[in-house]
>>> print(open('query.txt').read())   # compact mmCIF, C-alpha atoms
# COMPACT_ATOMS: atom_id res chain seq x y z
CA MET A 103 -27.69 44.46 16.50
CA ASP A 104 -28.07 41.12 14.71
CA ARG A 105 -30.13 40.89 11.55
CA LEU A 106 -33.09 38.98 13.02
CA LYS A 107 -33.42 41.43 15.88
CA ALA A 108 -33.23 44.28 13.41
CA MET A 109 -36.08 42.70 11.43
CA GLN A 110 -38.19 42.56 14.59
CA VAL A 111 -37.41 46.20 15.32
CA PHE A 112 -38.30 47.19 11.75
CA ILE A 113 -41.66 45.40 11.97
CA ARG A 114 -42.47 47.07 15.27
CA VAL A 115 -41.59 50.54 13.92
CA VAL A 116 -43.96 50.01 11.00
CA ASP A 117 -46.75 48.56 13.18
CA ALA A 118 -46.40 51.31 15.80
CA GLU A 119 -46.17 53.97 13.07
CA GLY A 120 -43.23 55.63 14.77
CA PHE A 121 -39.79 55.19 16.26
CA GLY A 122 -40.65 56.48 19.71
CA LYS A 123 -43.65 54.20 20.22
CA ALA A 124 -41.72 51.23 18.86
CA ALA A 125 -38.87 51.91 21.28
CA GLU A 126 -41.34 52.11 24.16
CA THR A 127 -43.06 48.81 23.34
CA LEU A 128 -39.72 47.07 22.77
CA SER A 129 -38.22 48.51 25.96
CA LEU A 130 -35.27 49.87 23.96
CA PRO A 131 -33.72 53.35 23.84
CA PRO A 132 -35.06 55.39 20.87
CA SER A 133 -31.49 55.80 19.63
CA THR A 134 -31.09 52.02 19.40
CA VAL A 135 -34.24 51.71 17.28
CA THR A 136 -33.18 54.55 14.99
CA ARG A 137 -29.70 53.08 14.57
CA ALA A 138 -31.10 49.62 13.78
CA ILE A 139 -33.23 50.99 10.93
CA LYS A 140 -30.33 53.04 9.53
CA GLU A 141 -28.05 50.00 9.61
CA LEU A 142 -30.70 47.90 7.85
CA GLU A 143 -31.12 50.47 5.10
CA SER A 144 -27.34 50.80 4.72
CA SER A 145 -26.88 47.03 4.57
CA LEU A 146 -29.67 46.56 2.03
CA GLY A 147 -28.72 49.61 0.00
CA VAL A 148 -32.32 50.85 -0.15
CA GLN A 149 -34.58 53.24 1.71
CA LEU A 150 -37.20 51.34 3.71
CA LEU A 151 -39.06 54.25 5.29
CA GLN A 152 -40.02 57.77 4.27
CA ARG A 153 -39.83 59.96 7.36
CA THR A 154 -41.60 63.24 8.05
CA THR A 155 -41.97 65.17 11.30
CA ARG A 156 -45.39 63.60 11.90
CA GLN A 157 -45.39 60.16 10.35
CA ILE A 158 -43.49 57.43 8.57
CA ASN A 159 -44.47 55.59 5.41
CA LEU A 160 -43.13 52.46 3.78
CA THR A 161 -41.38 52.81 0.47
CA ALA A 162 -42.01 50.18 -2.22
CA ASP A 163 -38.83 48.40 -1.12
CA GLY A 164 -39.90 48.78 2.50
CA THR A 165 -43.25 47.13 1.81
CA ALA A 166 -41.57 44.16 0.17
CA TYR A 167 -39.06 43.86 2.99
CA TYR A 168 -41.79 44.16 5.63
CA GLU A 169 -43.72 41.25 4.12
CA ALA A 170 -40.54 39.19 3.77
CA CYS A 171 -39.63 39.79 7.42
CA HIS A 172 -43.01 38.46 8.50
CA ARG A 173 -42.51 35.28 6.49
CA ILE A 174 -38.94 34.73 7.67
CA LEU A 175 -39.70 35.26 11.37
CA ALA A 176 -42.80 33.08 11.20
CA GLU A 177 -40.79 30.26 9.56
CA ILE A 178 -38.13 30.52 12.28
CA ASP A 179 -40.80 30.26 14.97
CA ASP A 180 -42.33 27.23 13.26
CA VAL A 181 -38.95 25.50 13.05
CA GLU A 182 -38.10 26.20 16.69
CA ALA A 183 -41.55 25.09 17.83
CA SER A 184 -41.01 21.69 16.20
CA PHE A 185 -38.26 20.80 18.70
CA PRO A 186 -38.91 19.53 22.25
CA GLY A 187 -36.97 22.38 23.81
CA HIS A 188 -38.90 25.15 22.08
CA GLY A 189 -40.52 26.16 25.38
CA LYS A 190 -37.25 27.85 26.33
CA THR A 191 -38.01 30.58 23.76
CA ILE A 192 -41.14 31.62 25.66
CA ASN A 193 -39.90 34.73 27.41
CA GLY A 194 -39.82 38.49 27.22
CA THR A 195 -42.60 41.05 27.72
CA LEU A 196 -46.18 40.04 26.88
CA ARG A 197 -48.74 42.86 26.55
CA VAL A 198 -52.36 41.79 26.96
CA ASP A 199 -55.49 43.95 27.15
CA ALA A 200 -58.90 42.72 28.37
CA PRO A 201 -62.13 44.13 29.84
CA ALA A 202 -61.87 44.71 33.59
CA SER A 203 -64.64 42.19 34.30
CA ILE A 204 -62.91 39.40 32.35
CA THR A 205 -59.59 40.27 33.97
CA ARG A 206 -61.10 40.05 37.44
CA HIS A 207 -63.30 36.98 36.98
CA PHE A 208 -61.29 34.87 34.50
CA ILE A 209 -57.66 35.90 34.17
CA LEU A 210 -56.48 36.89 37.65
CA PRO A 211 -57.84 33.81 39.48
CA LYS A 212 -55.87 31.55 37.12
CA ILE A 213 -52.91 33.59 35.89
CA LYS A 214 -50.63 32.13 38.58
CA ASN A 215 -50.71 28.88 36.57
CA PHE A 216 -49.47 30.64 33.41
CA MET A 217 -46.74 32.50 35.31
CA ALA A 218 -45.54 29.28 36.95
CA ARG A 219 -45.46 27.52 33.59
CA TYR A 220 -43.56 30.38 31.89
CA PRO A 221 -41.54 32.14 34.61
CA ASP A 222 -39.45 34.12 32.10
CA VAL A 223 -42.47 36.00 30.74
CA ARG A 224 -43.07 39.54 32.00
CA LEU A 225 -46.82 40.11 31.77
CA ASN A 226 -48.22 43.62 31.24
CA LEU A 227 -51.99 43.36 31.73
CA THR A 228 -54.17 46.40 31.00
CA THR A 229 -57.95 46.78 30.98
CA SER A 230 -60.23 48.40 28.41
CA ASP A 231 -63.01 47.60 25.95
CA GLN A 232 -61.45 49.17 22.86
CA ILE A 233 -59.69 47.51 19.92
CA ALA A 234 -58.67 50.73 18.19
CA ASP A 235 -54.95 51.31 17.75
CA LEU A 236 -54.10 47.76 18.77
CA ILE A 237 -51.11 47.80 16.43
CA LYS A 238 -49.95 51.33 17.29
CA THR A 239 -49.97 50.67 21.02
CA GLY A 240 -47.81 47.58 20.67
CA ILE A 241 -50.31 45.35 22.50
CA ASP A 242 -49.71 41.72 21.56
CA CYS A 243 -53.29 40.49 21.93
CA VAL A 244 -56.66 41.52 23.34
CA ILE A 245 -59.58 39.63 24.81
CA ARG A 246 -63.03 40.89 23.86
CA THR A 247 -66.68 39.84 23.99
CA GLY A 248 -69.05 39.75 21.03
CA THR A 249 -68.10 40.25 17.40
CA PRO A 250 -65.76 43.15 16.55
CA ALA A 251 -66.73 45.53 13.77
CA ASP A 252 -63.34 45.11 12.09
CA THR A 253 -62.60 41.45 11.38
CA THR A 254 -60.34 41.98 8.36
CA SER A 255 -57.21 43.09 10.22
CA LEU A 256 -57.53 40.71 13.18
CA VAL A 257 -57.09 37.01 13.77
CA ILE A 258 -59.90 35.94 16.11
CA ARG A 259 -59.98 32.77 18.20
CA LYS A 260 -62.85 31.80 20.48
CA ILE A 261 -61.84 30.98 24.05
CA GLY A 262 -65.19 30.89 25.88
CA ASP A 263 -68.75 32.17 26.06
CA PHE A 264 -71.41 33.43 28.45
CA LYS A 265 -75.11 34.31 28.66
CA TRP A 266 -76.75 37.61 29.58
CA THR A 267 -78.55 37.41 32.91
CA ILE A 268 -81.34 39.63 34.30
CA CYS A 269 -80.98 40.04 38.06
CA GLY A 270 -82.27 41.98 41.03
CA SER A 271 -81.83 41.93 44.78
CA PRO A 272 -84.25 40.09 47.11
CA ASP A 273 -85.20 43.44 48.66
CA TYR A 274 -86.00 44.88 45.24
CA PHE A 275 -88.27 41.98 44.33
CA LYS A 276 -89.94 42.14 47.75
CA GLN A 277 -90.93 45.73 46.98
CA TYR A 278 -91.68 45.56 43.24
CA GLY A 279 -92.43 41.90 42.53
CA TYR A 280 -90.98 39.59 39.87
CA PRO A 281 -91.34 40.27 36.12
CA GLN A 282 -92.86 37.29 34.31
CA SER A 283 -92.05 38.43 30.76
CA PRO A 284 -89.90 41.09 29.10
CA GLY A 285 -93.04 43.19 28.68
CA ASP A 286 -93.33 43.49 32.46
CA LEU A 287 -90.01 45.35 32.58
CA GLN A 288 -91.76 48.59 31.63
CA HIS A 289 -92.99 48.66 35.24
CA HIS A 290 -89.52 48.08 36.72
CA ARG A 291 -86.43 50.18 37.28
CA LYS A 292 -83.61 49.13 34.94
CA ILE A 293 -80.13 50.39 35.77
CA GLY A 294 -78.39 51.92 32.75
CA TYR A 295 -74.94 50.73 31.70
CA LEU A 296 -73.12 53.30 29.55
CA SER A 297 -71.23 51.85 26.62
CA SER A 298 -67.56 52.83 26.46
CA ARG A 299 -67.89 53.00 22.66
CA THR A 300 -71.06 55.08 22.26
CA GLY A 301 -71.53 56.74 25.66
CA ARG A 302 -75.19 55.66 25.58
CA PRO A 303 -76.97 53.07 27.75
CA THR A 304 -76.69 49.60 26.24
CA ASP A 305 -79.89 47.94 25.04
CA TRP A 306 -81.35 44.78 26.54
CA THR A 307 -82.03 42.05 23.99
CA PHE A 308 -84.33 39.08 24.52
CA GLU A 309 -85.40 36.16 22.41
CA ILE A 310 -89.19 35.88 22.17
CA GLU A 311 -90.68 33.12 20.01
CA GLY A 312 -87.35 32.77 18.24
CA ARG A 313 -87.03 36.45 17.41
CA PRO A 314 -84.71 39.04 19.03
CA VAL A 315 -86.53 41.87 20.81
CA THR A 316 -84.62 44.96 21.96
CA MET A 317 -85.52 47.16 24.93
CA ARG A 318 -83.82 50.33 26.11
CA ALA A 319 -82.58 50.51 29.70
CA SER A 320 -82.25 54.20 30.48
CA ASP A 321 -83.25 54.51 34.11
CA THR A 322 -81.11 56.19 36.75
CA PRO A 323 -78.48 55.73 37.94
CA ARG A 324 -76.40 55.11 34.86
CA VAL A 325 -72.85 53.81 35.31
CA ASN A 326 -69.98 52.86 33.02
CA ASP A 327 -68.17 50.38 35.26
CA THR A 328 -69.08 46.70 35.67
CA GLU A 329 -68.43 46.55 39.41
CA SER A 330 -70.49 49.69 40.02
CA TYR A 331 -73.26 48.20 37.91
CA LEU A 332 -73.16 45.00 39.96
CA THR A 333 -73.29 47.03 43.19
CA CYS A 334 -76.37 48.90 41.95
CA GLY A 335 -78.16 45.58 41.54
CA ILE A 336 -77.07 44.22 44.92
CA GLU A 337 -78.14 47.45 46.66
CA GLY A 338 -81.64 47.14 45.19
CA LEU A 339 -81.50 50.26 43.01
CA GLY A 340 -83.02 48.39 40.07
CA LEU A 341 -82.65 45.43 37.74
CA ILE A 342 -79.38 44.80 35.89
CA ARG A 343 -78.52 42.79 32.79
CA ALA A 344 -74.99 41.45 33.16
CA ALA A 345 -72.75 38.68 31.90
CA SER A 346 -73.38 35.43 33.75
CA TYR A 347 -69.78 35.25 34.99
CA VAL A 348 -70.12 38.71 36.61
CA VAL A 349 -73.22 37.85 38.70
CA GLN A 350 -72.48 34.17 39.34
CA SER A 351 -71.03 34.67 42.84
CA ALA A 352 -73.71 37.19 43.88
CA ILE A 353 -76.45 34.76 42.84
CA LYS A 354 -74.76 31.90 44.69
CA ASP A 355 -74.49 34.05 47.84
CA GLY A 356 -78.14 35.10 47.63
CA ASN A 357 -77.39 38.77 47.02
CA LEU A 358 -79.02 38.63 43.57
CA GLN A 359 -81.79 36.55 42.05
CA GLU A 360 -82.07 35.72 38.35
CA VAL A 361 -85.35 36.29 36.49
CA LEU A 362 -86.69 35.81 32.95
CA THR A 363 -84.41 32.79 32.49
CA THR A 364 -86.36 31.49 29.48
CA PHE A 365 -85.99 34.70 27.48
CA HIS A 366 -82.24 35.24 27.27
CA GLY A 367 -80.81 35.21 23.76
CA PRO A 368 -77.91 33.24 22.24
CA ARG A 369 -74.70 32.98 24.24
CA GLU A 370 -72.07 35.65 23.61
CA THR A 371 -68.58 34.72 22.49
CA ILE A 372 -65.36 35.57 24.33
CA SER A 373 -62.45 35.77 21.89
CA ILE A 374 -58.75 36.51 21.89
CA MET A 375 -57.52 38.62 18.98
CA TYR A 376 -54.22 39.77 17.50
CA PRO A 377 -53.24 41.71 14.36
CA ARG A 378 -53.37 39.60 11.22
CA ASN A 379 -50.22 41.10 9.76
CA ARG A 380 -48.10 40.73 12.90
CA HIS A 381 -45.66 37.88 13.26
CA LEU A 382 -46.93 35.71 16.17
CA SER A 383 -44.21 35.03 18.70
CA PRO A 384 -44.01 31.77 20.70
CA THR A 385 -44.82 33.77 23.84
CA VAL A 386 -48.07 35.14 22.41
CA ARG A 387 -48.94 31.72 21.01
CA ALA A 388 -48.37 30.18 24.45
CA PHE A 389 -50.70 32.71 26.10
CA ILE A 390 -53.40 32.12 23.49
CA ASP A 391 -53.17 28.36 24.01
CA TRP A 392 -53.35 28.89 27.78
CA CYS A 393 -56.51 30.97 27.40
CA VAL A 394 -58.17 28.31 25.25
CA GLU A 395 -57.25 25.72 27.87
CA SER A 396 -58.23 27.81 30.93
CA PHE A 397 -61.44 29.62 30.02
CA PRO A 398 -64.64 27.71 30.91
CA LYS A 399 -66.76 26.38 28.06
CA SER A 400 -70.51 26.00 27.95
>>> encode(input="query.txt", output="structure tokens")
Amino acid sequence: MDRLKAMQVFIRVVDAEGFGKAAETLSLPPSTVTRAIKELESSLGVQLLQRTTRQINLTADGTAYYEACHRILAEIDDVEASFPGHGKTINGTLRVDAPASITRHFILPKIKNFMARYPDVRLNLTTSDQIADLIKTGIDCVIRTGTPADTTSLVIRKIGDFKWTICGSPDYFKQYGYPQSPGDLQHHRKIGYLSSRTGRPTDWTFEIEGRPVTMRASDTPRVNDTESYLTCGIEGLGLIRAASYVVQSAIKDGNLQEVLTTFHGPRETISIMYPRNRHLSPTVRAFIDWCVESFPKS
């Protein structure tokens, strides 16, 4: 294995915190990954990793080498990107994770354009709302809404935004009437959406006279899936509070009606994120640029 490839393998082993996971994310046999690290250590004449049955740790020399590998690989990418033919380096496997609703409403309708532009990229697209273990899982970048709790280990780039929308079905409003203010919601059924992070129904936040006001939505049924939540609203089971891009089509088709339009709070951010200490490949950079270009802006 050549030296640059070995550096990439070494970085992935450290980021994934294990040989097996690194081999999986690199699509290499575990024996190849193990041999690459042994050859690196033999060539350098130092021990880079301390291995136990459960974990690996960087030695002092390993830490220095890890940081140097990041700098070297980043400089190579910058040099290659400065030439007109640098697009030829955009290939390989790209691992992206995004919420199911964003995948369905934003990514899938437009991803054909990215795949046509970069036909040598193999896209692995998974769906979740979690950022935990981003480095260990070998995911290259994630798309998330709102502001993550941990901003120190991630590079965050805004790619779009949306507003929260209160909706109900025409049949629901025919039976229960229209709320004129957030205070009226105490007399309405509000479908609960269970947070994947807390397991509790998410709160509804409004802006009243310039101040945020929070209200709990704990009525039944409670669901933890965006499409199920949308269906609850369309079927007239109660009011829902969903991202504008989720309910846009249903409102246009007349299956949902928006209410309390003057009380929604600030727009929420949609961002793409990747580990701060991970060398950014041209392929990941190309996908990030495509997202910035493709996602609608307010």
>>> atom_distance(input="query.txt", atom1="CA of Gly147 (chain A)", atom2="CA of Leu128 (chain A)")
25.4 Å
>>> closest_residue(input="query.txt", among="A:Val244, A:Leu358, A:Cys171, A:Leu150", to="Gln110 (chain A)", atoms="only C-alpha atoms")
A:Cys171
>>> atom_distance(input="query.txt", atom1="CA of Thr328 (chain A)", atom2="CA of Leu256 (chain A)")
26.0 Å
>>> closest_residue(input="query.txt", among="A:Lys260, A:Arg324, A:Arg246, A:Arg219", to="Ile204 (chain A)", atoms="all atoms listed in the file")
A:Arg246
>>> axis_aligned_box(input="query.txt", around="region 322-327 of chain A", padding_each_side="3 Å", output="lines of an AutoDock Vina configuration file")
center_x = -74.6
center_y = 53.3
center_z = 35.5
size_x = 18.9
size_y = 11.8
size_z = 10.9
>>> closest_residue(input="query.txt", among="A:Ile178, A:Val198, A:Ile293, A:Val148", to="Tyr376 (chain A)", atoms="all atoms listed in the file")
A:Val198
>>> residues_around(input="query.txt", residues="Gly335 (chain A)", least_positions_apart="2", cutoff="8 Å", atoms="only C-alpha atoms", output="short mmCIF file (atom, residue, chain, number, x, y, z; two decimals) with C-alpha atoms, in the frame of the given file")
data_model
loop_
_atom_site.label_atom_id
_atom_site.label_comp_id
_atom_site.auth_asym_id
_atom_site.auth_seq_id
_atom_site.Cartn_x
_atom_site.Cartn_y
_atom_site.Cartn_z
CA CYS A 269 -80.98 40.04 38.06
CA GLY A 270 -82.27 41.98 41.03
CA SER A 271 -81.83 41.93 44.78
CA ILE A 293 -80.13 50.39 35.77
CA TYR A 331 -73.26 48.20 37.91
CA LEU A 332 -73.16 45.00 39.96
CA THR A 333 -73.29 47.03 43.19
CA GLU A 337 -78.14 47.45 46.66
CA GLY A 338 -81.64 47.14 45.19
CA LEU A 339 -81.50 50.26 43.01
CA GLY A 340 -83.02 48.39 40.07
CA LEU A 341 -82.65 45.43 37.74
CA ILE A 342 -79.38 44.80 35.89
CA LEU A 358 -79.02 38.63 43.57
#
>>> atom_distance(input="query.txt", atom1="CA of Gln277 (chain A)", atom2="CA of His366 (chain A)")
24.0 Å
>>> residues_around(input="query.txt", residues="region 123-127 of chain A", least_positions_apart="6", cutoff="9 Å", atoms="all atoms listed in the file", output="VMD selection string")
chain A and resid 111 to 112 114 to 117 133 to 136 195 197 238 to 241
